[in-house]
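Data block for my_file.cif (mmCIF, C-alpha atoms):
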data_work
#
loop_
_atom_site.group_PDB
_atom_site.id
_atom_site.type_symbol
_atom_site.label_atom_id
_atom_site.label_comp_id
_atom_site.auth_asym_id
_atom_site.auth_seq_id
_atom_site.Cartn_x
_atom_site.Cartn_y
_atom_site.Cartn_z
ATOM 1 C CA MET S 1 48.851 -134.054 -180.677
ATOM 2 C CA SER S 2 52.184 -135.844 -180.517
ATOM 3 C CA ARG S 3 55.143 -134.093 -178.988
ATOM 4 C CA LEU S 4 58.240 -133.451 -180.991
ATOM 5 C CA ARG S 5 61.301 -135.097 -179.444
ATOM 6 C CA HIS S 6 64.583 -133.293 -178.868
ATOM 7 C CA ALA S 7 66.412 -136.157 -180.555
ATOM 8 C CA ASP S 8 64.359 -135.713 -183.734
ATOM 9 C CA VAL S 9 65.476 -132.116 -184.305
ATOM 10 C CA GLU S 10 68.764 -130.897 -185.751
ATOM 11 C CA VAL S 11 70.380 -127.504 -186.047
ATOM 12 C CA GLY S 12 68.961 -126.170 -189.302
ATOM 13 C CA THR S 13 65.613 -127.962 -188.993
ATOM 14 C CA GLU S 14 62.978 -125.632 -190.430
ATOM 15 C CA LEU S 15 59.559 -124.907 -189.003
ATOM 16 C CA PRO S 16 57.259 -124.994 -192.045
ATOM 17 C CA GLU S 17 55.898 -121.553 -192.895
ATOM 18 C CA ARG S 18 52.284 -120.777 -192.115
ATOM 19 C CA THR S 19 50.090 -117.809 -192.939
ATOM 20 C CA PHE S 20 47.588 -116.414 -190.462
ATOM 21 C CA PRO S 21 44.874 -113.852 -191.288
ATOM 22 C CA VAL S 22 44.279 -110.695 -189.262
ATOM 23 C CA ARG S 23 41.112 -108.667 -189.769
ATOM 24 C CA ARG S 24 39.671 -105.677 -187.970
ATOM 25 C CA LEU S 25 37.446 -108.001 -185.950
ATOM 26 C CA ASP S 26 40.530 -109.860 -184.700
ATOM 27 C CA LEU S 27 41.975 -106.582 -183.434
ATOM 28 C CA VAL S 28 38.798 -105.647 -181.597
ATOM 29 C CA ARG S 29 38.715 -109.056 -179.912
ATOM 30 C CA TYR S 30 42.414 -108.908 -179.107
ATOM 31 C CA ALA S 31 42.019 -105.431 -177.595
ATOM 32 C CA GLY S 32 39.335 -106.752 -175.267
ATOM 33 C CA ALA S 33 41.184 -109.940 -174.352
ATOM 34 C CA SER S 34 44.555 -108.270 -173.732
ATOM 35 C CA GLY S 35 43.432 -104.945 -172.280
ATOM 36 C CA ASP S 36 45.340 -102.960 -174.938
ATOM 37 C CA PHE S 37 42.832 -100.376 -176.157
ATOM 38 C CA ASN S 38 45.313 -98.072 -177.885
ATOM 39 C CA PRO S 39 43.134 -96.478 -180.641
ATOM 40 C CA ILE S 40 45.820 -97.027 -183.309
ATOM 41 C CA HIS S 41 44.526 -100.641 -183.311
ATOM 42 C CA TRP S 42 40.871 -99.876 -184.046
ATOM 43 C CA ASN S 43 40.347 -96.202 -184.972
ATOM 44 C CA GLU S 44 41.438 -95.319 -188.501
ATOM 45 C CA ARG S 45 40.881 -91.598 -187.933
ATOM 46 C CA PHE S 46 43.157 -91.648 -184.904
ATOM 47 C CA ALA S 47 45.783 -93.877 -186.561
ATOM 48 C CA LYS S 48 46.079 -91.495 -189.513
ATOM 49 C CA SER S 49 46.228 -88.458 -187.228
ATOM 50 C CA VAL S 50 49.419 -89.851 -185.652
ATOM 51 C CA GLY S 51 51.025 -90.530 -189.028
ATOM 52 C CA LEU S 52 50.206 -94.205 -189.576
ATOM 53 C CA PRO S 53 48.934 -95.373 -192.976
ATOM 54 C CA ASP S 54 45.863 -97.048 -191.441
ATOM 55 C CA VAL S 55 44.870 -99.114 -188.403
ATOM 56 C CA ILE S 56 47.733 -101.432 -187.413
ATOM 57 C CA ALA S 57 47.621 -104.767 -185.619
ATOM 58 C CA HIS S 58 48.781 -105.098 -182.032
ATOM 59 C CA GLY S 59 52.394 -106.226 -182.147
ATOM 60 C CA MET S 60 51.386 -108.731 -179.503
ATOM 61 C CA PHE S 61 48.845 -110.277 -181.895
ATOM 62 C CA THR S 62 51.676 -110.957 -184.354
ATOM 63 C CA MET S 63 53.859 -112.274 -181.528
ATOM 64 C CA ALA S 64 51.032 -114.654 -180.561
ATOM 65 C CA GLN S 65 50.730 -115.979 -184.125
ATOM 66 C CA ALA S 66 54.467 -116.682 -184.246
ATOM 67 C CA ALA S 67 54.173 -118.436 -180.859
ATOM 68 C CA ARG S 68 51.472 -120.628 -182.327
ATOM 69 C CA LEU S 69 53.893 -121.781 -185.013
ATOM 70 C CA LEU S 70 56.260 -122.825 -182.205
ATOM 71 C CA THR S 71 53.753 -124.591 -179.977
ATOM 72 C CA ASP S 72 52.012 -126.417 -182.847
ATOM 73 C CA TRP S 73 55.408 -127.538 -184.174
ATOM 74 C CA ALA S 74 56.528 -128.779 -180.746
ATOM 75 C CA GLY S 75 53.118 -130.349 -180.078
ATOM 76 C CA ASP S 76 53.123 -128.740 -176.641
ATOM 77 C CA PRO S 77 51.579 -125.335 -175.790
ATOM 78 C CA GLY S 78 53.648 -125.312 -172.583
ATOM 79 C CA CYS S 79 56.976 -125.614 -174.399
ATOM 80 C CA VAL S 80 57.990 -121.946 -174.522
ATOM 81 C CA VAL S 81 60.658 -121.114 -171.944
ATOM 82 C CA ASP S 82 61.851 -117.783 -173.301
ATOM 83 C CA TYR S 83 60.525 -115.777 -176.209
ATOM 84 C CA SER S 84 61.481 -112.300 -177.380
ATOM 85 C CA VAL S 85 60.709 -110.197 -180.435
ATOM 86 C CA ARG S 86 61.338 -106.740 -181.828
ATOM 87 C CA PHE S 87 58.465 -105.123 -183.724
ATOM 88 C CA SER S 88 60.288 -103.871 -186.806
ATOM 89 C CA ALA S 89 57.350 -102.749 -188.990
ATOM 90 C CA PRO S 90 53.602 -102.431 -188.434
ATOM 91 C CA VAL S 91 51.049 -104.920 -189.786
ATOM 92 C CA VAL S 92 48.624 -102.621 -191.611
ATOM 93 C CA VAL S 93 45.058 -103.930 -191.487
ATOM 94 C CA PRO S 94 42.675 -102.471 -194.084
ATOM 95 C CA ASP S 95 38.954 -102.133 -193.449
ATOM 96 C CA ASP S 96 37.770 -104.938 -195.720
ATOM 97 C CA ASP S 97 36.743 -108.587 -195.388
ATOM 98 C CA GLU S 98 40.211 -109.939 -196.105
ATOM 99 C CA GLY S 99 42.313 -107.853 -193.757
ATOM 100 C CA ALA S 100 46.024 -108.644 -193.795
ATOM 101 C CA GLN S 101 48.098 -111.835 -193.773
ATOM 102 C CA ILE S 102 50.986 -112.625 -191.442
ATOM 103 C CA THR S 103 53.407 -115.308 -192.688
ATOM 104 C CA VAL S 104 55.615 -116.847 -190.032
ATOM 105 C CA GLY S 105 58.454 -119.322 -190.271
ATOM 106 C CA GLY S 106 61.388 -120.471 -188.204
ATOM 107 C CA LYS S 107 64.605 -122.426 -188.003
ATOM 108 C CA VAL S 108 66.410 -124.286 -185.238
ATOM 109 C CA LYS S 109 69.650 -122.441 -184.472
ATOM 110 C CA ALA S 110 70.990 -124.472 -181.538
ATOM 111 C CA LYS S 111 70.340 -127.646 -179.539
ATOM 112 C CA ASN S 112 71.012 -127.370 -175.820
ATOM 113 C CA ASP S 113 71.952 -130.129 -173.374
ATOM 114 C CA ASP S 114 69.013 -129.302 -171.074
ATOM 115 C CA GLY S 115 66.469 -130.546 -173.616
ATOM 116 C CA THR S 116 65.713 -127.167 -175.139
ATOM 117 C CA VAL S 117 66.359 -125.777 -178.602
ATOM 118 C CA ASN S 118 66.855 -122.201 -179.781
ATOM 119 C CA VAL S 119 64.576 -121.166 -182.632
ATOM 120 C CA LEU S 120 64.841 -118.054 -184.777
ATOM 121 C CA LEU S 121 61.451 -116.928 -186.079
ATOM 122 C CA THR S 122 60.536 -114.717 -189.001
ATOM 123 C CA ALA S 123 57.269 -112.879 -189.688
ATOM 124 C CA ARG S 124 56.278 -110.928 -192.786
ATOM 125 C CA SER S 125 53.199 -108.982 -193.786
ATOM 126 C CA GLY S 126 52.516 -106.920 -196.887
ATOM 127 C CA GLY S 127 56.106 -107.404 -198.053
ATOM 128 C CA ALA S 128 57.598 -106.052 -194.807
ATOM 129 C CA LYS S 129 59.521 -107.889 -192.128
ATOM 130 C CA VAL S 130 57.275 -107.243 -189.128
ATOM 131 C CA LEU S 131 59.322 -109.076 -186.478
ATOM 132 C CA SER S 132 63.081 -108.975 -186.124
ATOM 133 C CA GLN S 133 65.392 -110.615 -183.594
ATOM 134 C CA SER S 134 62.528 -112.981 -182.877
ATOM 135 C CA LYS S 135 64.046 -115.712 -180.739
ATOM 136 C CA ALA S 136 62.627 -118.511 -178.645
ATOM 137 C CA VAL S 137 63.937 -121.175 -176.304
ATOM 138 C CA VAL S 138 61.619 -124.170 -176.533
ATOM 139 C CA ARG S 139 61.617 -127.307 -174.371
ATOM 140 C CA LEU S 140 61.032 -130.470 -176.391
ATOM 141 C CA ALA S 141 60.134 -133.972 -175.236
ATOM 142 C CA ARG S 142 62.976 -136.280 -174.293
ATOM 143 C CA MET G 1 64.000 -85.870 -173.015
ATOM 144 C CA ALA G 2 60.316 -85.856 -172.213
ATOM 145 C CA ILE G 3 60.483 -88.798 -169.821
ATOM 146 C CA ASN G 4 61.707 -87.985 -166.338
ATOM 147 C CA PRO G 5 65.036 -89.878 -165.973
ATOM 148 C CA ASP G 6 64.710 -89.859 -162.187
ATOM 149 C CA TYR G 7 62.086 -92.590 -162.592
ATOM 150 C CA LEU G 8 64.627 -95.255 -163.521
ATOM 151 C CA GLY G 9 64.232 -98.089 -161.010
ATOM 152 C CA ARG G 10 60.809 -96.992 -159.808
ATOM 153 C CA GLU G 11 58.475 -99.856 -158.904
ATOM 154 C CA TYR G 12 54.728 -100.211 -159.379
ATOM 155 C CA PRO G 13 53.346 -103.169 -157.409
ATOM 156 C CA ALA G 14 50.019 -104.445 -158.752
ATOM 157 C CA PRO G 15 47.310 -103.331 -156.308
ATOM 158 C CA GLU G 16 45.985 -106.883 -156.005
ATOM 159 C CA ALA G 17 46.926 -110.408 -157.070
ATOM 160 C CA TYR G 18 45.798 -111.461 -160.554
ATOM 161 C CA GLU G 19 43.667 -114.606 -160.649
ATOM 162 C CA VAL G 20 44.169 -116.686 -163.797
ATOM 163 C CA THR G 21 40.791 -118.170 -164.749
ATOM 164 C CA ARG G 22 39.659 -120.740 -167.316
ATOM 165 C CA GLY G 23 37.268 -118.171 -168.786
ATOM 166 C CA LYS G 24 39.957 -115.526 -169.322
ATOM 167 C CA ILE G 25 42.314 -118.095 -170.845
ATOM 168 C CA ARG G 26 39.554 -119.172 -173.239
ATOM 169 C CA GLU G 27 38.825 -115.553 -174.178
ATOM 170 C CA PHE G 28 42.512 -114.877 -174.856
ATOM 171 C CA ALA G 29 43.050 -118.136 -176.798
ATOM 172 C CA GLU G 30 40.015 -117.406 -178.976
ATOM 173 C CA ALA G 31 41.254 -113.843 -179.556
ATOM 174 C CA ILE G 32 44.535 -115.164 -180.990
ATOM 175 C CA ASN G 33 42.624 -117.823 -182.989
ATOM 176 C CA ASP G 34 44.519 -120.604 -181.208
ATOM 177 C CA THR G 35 42.067 -123.100 -179.775
ATOM 178 C CA ASP G 36 44.510 -125.778 -178.654
ATOM 179 C CA PRO G 37 42.603 -128.113 -176.270
ATOM 180 C CA VAL G 38 45.305 -127.676 -173.607
ATOM 181 C CA TYR G 39 44.109 -124.048 -173.336
ATOM 182 C CA LEU G 40 40.410 -124.918 -173.269
ATOM 183 C CA ASP G 41 39.748 -128.391 -171.916
ATOM 184 C CA PRO G 42 40.835 -129.326 -168.364
ATOM 185 C CA ALA G 43 40.806 -133.046 -169.231
ATOM 186 C CA ALA G 44 43.110 -132.492 -172.216
ATOM 187 C CA ALA G 45 45.383 -130.328 -170.069
ATOM 188 C CA ARG G 46 45.606 -132.990 -167.351
ATOM 189 C CA ALA G 47 46.297 -135.656 -169.965
ATOM 190 C CA ALA G 48 49.239 -133.485 -171.076
ATOM 191 C CA GLY G 49 50.564 -133.413 -167.505
ATOM 192 C CA HIS G 50 49.252 -130.044 -166.301
ATOM 193 C CA PRO G 51 47.124 -129.449 -163.188
ATOM 194 C CA ASP G 52 44.538 -127.451 -165.172
ATOM 195 C CA VAL G 53 44.301 -125.597 -168.490
ATOM 196 C CA ILE G 54 47.393 -123.551 -169.261
ATOM 197 C CA ALA G 55 47.545 -120.051 -170.734
ATOM 198 C CA PRO G 56 49.152 -119.267 -174.121
ATOM 199 C CA PRO G 57 52.786 -118.127 -173.796
ATOM 200 C CA THR G 58 51.945 -114.499 -174.568
ATOM 201 C CA PHE G 59 49.019 -114.354 -172.094
ATOM 202 C CA PRO G 60 51.146 -112.611 -169.411
ATOM 203 C CA VAL G 61 50.999 -109.479 -171.587
ATOM 204 C CA ILE G 62 47.832 -108.840 -169.583
ATOM 205 C CA LEU G 63 49.959 -108.363 -166.460
ATOM 206 C CA GLY G 64 52.516 -106.336 -168.393
ATOM 207 C CA MET G 65 49.829 -104.070 -169.857
ATOM 208 C CA ALA G 66 48.322 -103.474 -166.434
ATOM 209 C CA GLY G 67 51.726 -102.654 -164.966
ATOM 210 C CA SER G 68 52.690 -100.368 -167.827
ATOM 211 C CA ALA G 69 49.332 -98.587 -167.502
ATOM 212 C CA GLN G 70 50.179 -97.883 -163.849
ATOM 213 C CA ALA G 71 53.542 -96.406 -164.846
ATOM 214 C CA ILE G 72 52.267 -94.459 -167.856
ATOM 215 C CA GLY G 73 49.367 -93.194 -165.763
ATOM 216 C CA ASP G 74 51.886 -91.624 -163.387
ATOM 217 C CA PRO G 75 51.703 -87.977 -164.550
ATOM 218 C CA ASP G 76 55.197 -87.128 -163.293
ATOM 219 C CA LEU G 77 56.784 -89.787 -165.519
ATOM 220 C CA GLY G 78 55.862 -87.633 -168.523
ATOM 221 C CA VAL G 79 54.712 -90.206 -171.101
ATOM 222 C CA ASP G 80 52.141 -89.172 -173.716
ATOM 223 C CA PHE G 81 50.225 -92.427 -174.280
ATOM 224 C CA SER G 82 48.982 -91.274 -177.688
ATOM 225 C CA ARG G 83 52.584 -91.334 -178.940
ATOM 226 C CA VAL G 84 53.449 -94.792 -177.607
ATOM 227 C CA VAL G 85 54.213 -97.744 -179.867
ATOM 228 C CA HIS G 86 55.426 -101.175 -178.783
ATOM 229 C CA GLY G 87 59.134 -101.606 -179.555
ATOM 230 C CA ASP G 88 59.979 -105.054 -178.275
ATOM 231 C CA GLN G 89 58.715 -107.713 -175.919
ATOM 232 C CA ARG G 90 60.117 -110.678 -174.033
ATOM 233 C CA PHE G 91 58.618 -113.407 -171.856
ATOM 234 C CA SER G 92 60.787 -115.581 -169.612
ATOM 235 C CA HIS G 93 58.800 -118.440 -168.135
ATOM 236 C CA SER G 94 59.739 -120.603 -165.165
ATOM 237 C CA ARG G 95 56.567 -122.540 -165.955
ATOM 238 C CA PRO G 96 53.306 -122.062 -167.874
ATOM 239 C CA LEU G 97 50.459 -120.143 -166.205
ATOM 240 C CA TYR G 98 47.659 -122.418 -164.996
ATOM 241 C CA ALA G 99 44.007 -121.658 -164.374
ATOM 242 C CA GLY G 100 43.742 -121.132 -160.627
ATOM 243 C CA ASP G 101 47.074 -119.337 -160.306
ATOM 244 C CA LEU G 102 47.011 -116.280 -158.075
ATOM 245 C CA LEU G 103 49.852 -114.101 -159.356
ATOM 246 C CA SER G 104 51.445 -111.219 -157.506
ATOM 247 C CA SER G 105 53.337 -108.870 -159.784
ATOM 248 C CA THR G 106 55.467 -105.776 -159.661
ATOM 249 C CA THR G 107 56.422 -103.636 -162.643
ATOM 250 C CA ARG G 108 59.752 -101.828 -162.533
ATOM 251 C CA ILE G 109 61.184 -99.196 -164.865
ATOM 252 C CA THR G 110 64.465 -100.751 -165.989
ATOM 253 C CA GLY G 111 65.382 -98.426 -168.838
ATOM 254 C CA ILE G 112 64.909 -94.829 -169.930
ATOM 255 C CA ARG G 113 66.902 -93.543 -172.858
ATOM 256 C CA SER G 114 66.689 -91.336 -175.933
ATOM 257 C CA LEU G 115 67.331 -92.555 -179.448
ATOM 258 C CA GLY G 116 66.869 -90.618 -182.664
ATOM 259 C CA GLY G 117 64.404 -88.129 -181.210
ATOM 260 C CA ASN G 118 62.319 -90.833 -179.501
ATOM 261 C CA ASP G 119 62.261 -91.898 -175.875
ATOM 262 C CA LEU G 120 62.628 -95.602 -175.103
ATOM 263 C CA LEU G 121 61.022 -96.836 -171.895
ATOM 264 C CA THR G 122 61.638 -100.384 -170.657
ATOM 265 C CA LEU G 123 59.272 -101.943 -168.121
ATOM 266 C CA GLU G 124 59.846 -105.311 -166.452
ATOM 267 C CA THR G 125 56.919 -107.101 -164.832
ATOM 268 C CA VAL G 126 57.809 -110.023 -162.545
ATOM 269 C CA ALA G 127 54.973 -112.371 -161.552
ATOM 270 C CA ASP G 128 55.180 -114.910 -158.713
ATOM 271 C CA ASP G 129 52.624 -117.500 -157.638
ATOM 272 C CA ALA G 130 50.905 -117.778 -154.252
ATOM 273 C CA ASP G 131 53.892 -119.780 -152.919
ATOM 274 C CA GLY G 132 56.250 -116.974 -153.904
ATOM 275 C CA GLU G 133 57.764 -118.993 -156.745
ATOM 276 C CA HIS G 134 58.658 -117.167 -159.957
ATOM 277 C CA VAL G 135 56.278 -117.885 -162.864
ATOM 278 C CA VAL G 136 57.072 -115.368 -165.587
ATOM 279 C CA THR G 137 58.866 -112.115 -166.292
ATOM 280 C CA ALA G 138 57.424 -109.932 -169.051
ATOM 281 C CA THR G 139 59.717 -107.204 -170.366
ATOM 282 C CA MET G 140 58.263 -104.529 -172.608
ATOM 283 C CA MET G 141 60.084 -101.733 -174.406
ATOM 284 C CA LEU G 142 57.871 -98.840 -175.424
ATOM 285 C CA VAL G 143 58.857 -96.205 -177.952
ATOM 286 C CA VAL G 144 57.468 -92.772 -177.166
ATOM 287 C CA ARG G 145 57.677 -91.095 -180.524
ATOM 288 C CA GLY G 146 59.133 -87.626 -180.457
ATOM 289 C CA GLY G 147 57.505 -84.926 -182.464
ATOM 290 C CA ASP G 148 56.219 -81.460 -182.568
ATOM 291 C CA GLU G 149 56.408 -80.496 -178.939
#

Once you've parsed the file, please lay out its structure as structure tokens.
Amino acid sequence: MSRLRHADVEVGTELPERTFPVRRLDLVRYAGASGDFNPIHWNERFAKSVGLPDVIAHGMFTMAQAARLLTDWAGDPGCVVDYSVRFSAPVVVPDDDEGAQITVGGKVKAKNDDGTVNVLLTARSGGAKVLSQSKAVVRLAR
Amino acid sequence: MAINPDYLGREYPAPEAYEVTRGKIREFAEAINDTDPVYLDPAAARAAGHPDVIAPPTFPVILGMAGSAQAIGDPDLGVDFSRVVHGDQRFSHSRPLYAGDLLSSTTRITGIRSLGGNDLLTLETVADDADGEHVVTATMMLVVRGGDE
């Protein structure tokens, strides 16, 4: 994979949108890998008992998909210096073979003298904005 | 408020250092469906200038989850885990995590406040390597939903 160079990016450069699937199986695997076994992410009965429409994805799963947009774009999985998100709506994952879709995109908001850029990310699922104030500082190649 | 405000500033050191392993990185990378060779293949990672495979940028949530579980498991803090949802999350990296890292971490309660009938609890987990150098800080804000209590 070739690394994106700082000089080849401008303020306003867009990160092409990508759509990532999330199924119940993904949530079970993510629970095991991350150690987050909150039943709202795998137990429909429990999720509904606490007022949710259905099982919802781990916010951190969505955050990881948006990070993948960043690292694939930069061509460097070690590029992320700072990354923060607010989980503004849940990603509802139905119990079928398709699951849900998370569409992520981004735009360069600033170029910094230290070789980093500031990127604003967006993520939507089922018509809702599932991440807000999703910001990253990414170090690009010189 | 249900959360005990006296707990602001309280620290929860991890009981032991966390060893970052190739196997755990692979498991996490596969769980997020991101199989970049720099996460999986030591030769590819070295070719990219790293000493070993690196972990995905959100991997340190494992340390944050463990630290938050220590805090939430503290009965005097007064958090009902069944009412917790994740509000926001931040990672500040001094460098990527590498397989072979031995990370010491401490989780500190940096915020307790009420908003619209919910309690907001902020937990900051700082992880340093075996040389005492900062690697990553993971900051997690949890919303403890108010309700019928």

Residues of chain S at most 8 Å from chain G: nearest atom pair and distance in Å, all atoms listed in the file, as CSV:
residue,atom,partner,partner_atom,distance
S:Asp26,CA,G:Ala31,CA,6.5
S:Arg29,CA,G:Ala31,CA,5.4
S:Tyr30,CA,G:Ala31,CA,5.1
S:Ala33,CA,G:Phe28,CA,5.1
S:Ser34,CA,G:Ile62,CA,5.3
S:Gly35,CA,G:Ile62,CA,6.5
S:Asp36,CA,G:Met65,CA,6.9
S:Asn38,CA,G:Ser82,CA,7.7
S:Val50,CA,G:Arg83,CA,7.6
S:Gly59,CA,G:His86,CA,6.8
S:Met60,CA,G:Thr58,CA,7.6
S:Phe61,CA,G:Ile32,CA,6.6
S:Met63,CA,G:Thr58,CA,7.6
S:Ala64,CA,G:Thr58,CA,6.1
S:Gln65,CA,G:Ile32,CA,7.0
S:Ala67,CA,G:Pro57,CA,7.2
S:Arg68,CA,G:Asp34,CA,7.0
S:Pro77,CA,G:Pro56,CA,6.7
S:Gly78,CA,G:Pro96,CA,5.7
S:Val80,CA,G:Pro57,CA,6.5
S:Val81,CA,G:His93,CA,5.0
S:Asp82,CA,G:Ser92,CA,4.4
S:Tyr83,CA,G:Phe91,CA,5.3
S:Ser84,CA,G:Arg90,CA,4.0
S:Val85,CA,G:Gln89,CA,5.5
S:Arg86,CA,G:Asp88,CA,4.2
S:Phe87,CA,G:Gly87,CA,5.5
S:Ser88,CA,G:Gly87,CA,7.7

Exercise for review: List the residues selected by the PyMOL selection byres ((chain S and resi 112-128) around 9) in the file shown, writing them as a PyMOL selection string.
Suggested key: chain S and resi 6-7+9+11+15+62-63+66+70+79+81+85+88-92+100-111+129-142

Exercise for review: Could you give me, as a ChimeraX atom specification, the residues within 12 Å of Asn43 of chain S, counting all atoms listed in the file and dropping anything in the same chain fewer than 6 positions from it?
Suggested key: /S:24,27-28,31,37,49-50,52-57,93-95

Check your understanding: Which distance in Å separates atom CA of Val22 of chain S and atom CA of Val144 of chain G, to one decimal?
Key -> 25.3 Å

Could the centre and edge lengths of an axis-aligned box, enclosing all atoms of segment 52-69 of chain S in the file with 5 Å extra on each side, be given in Å to one decimal as JSON?
{"center_x": 49.7, "center_y": -108.0, "center_z": -186.2, "size_x": 19.6, "size_y": 37.6, "size_z": 23.5}
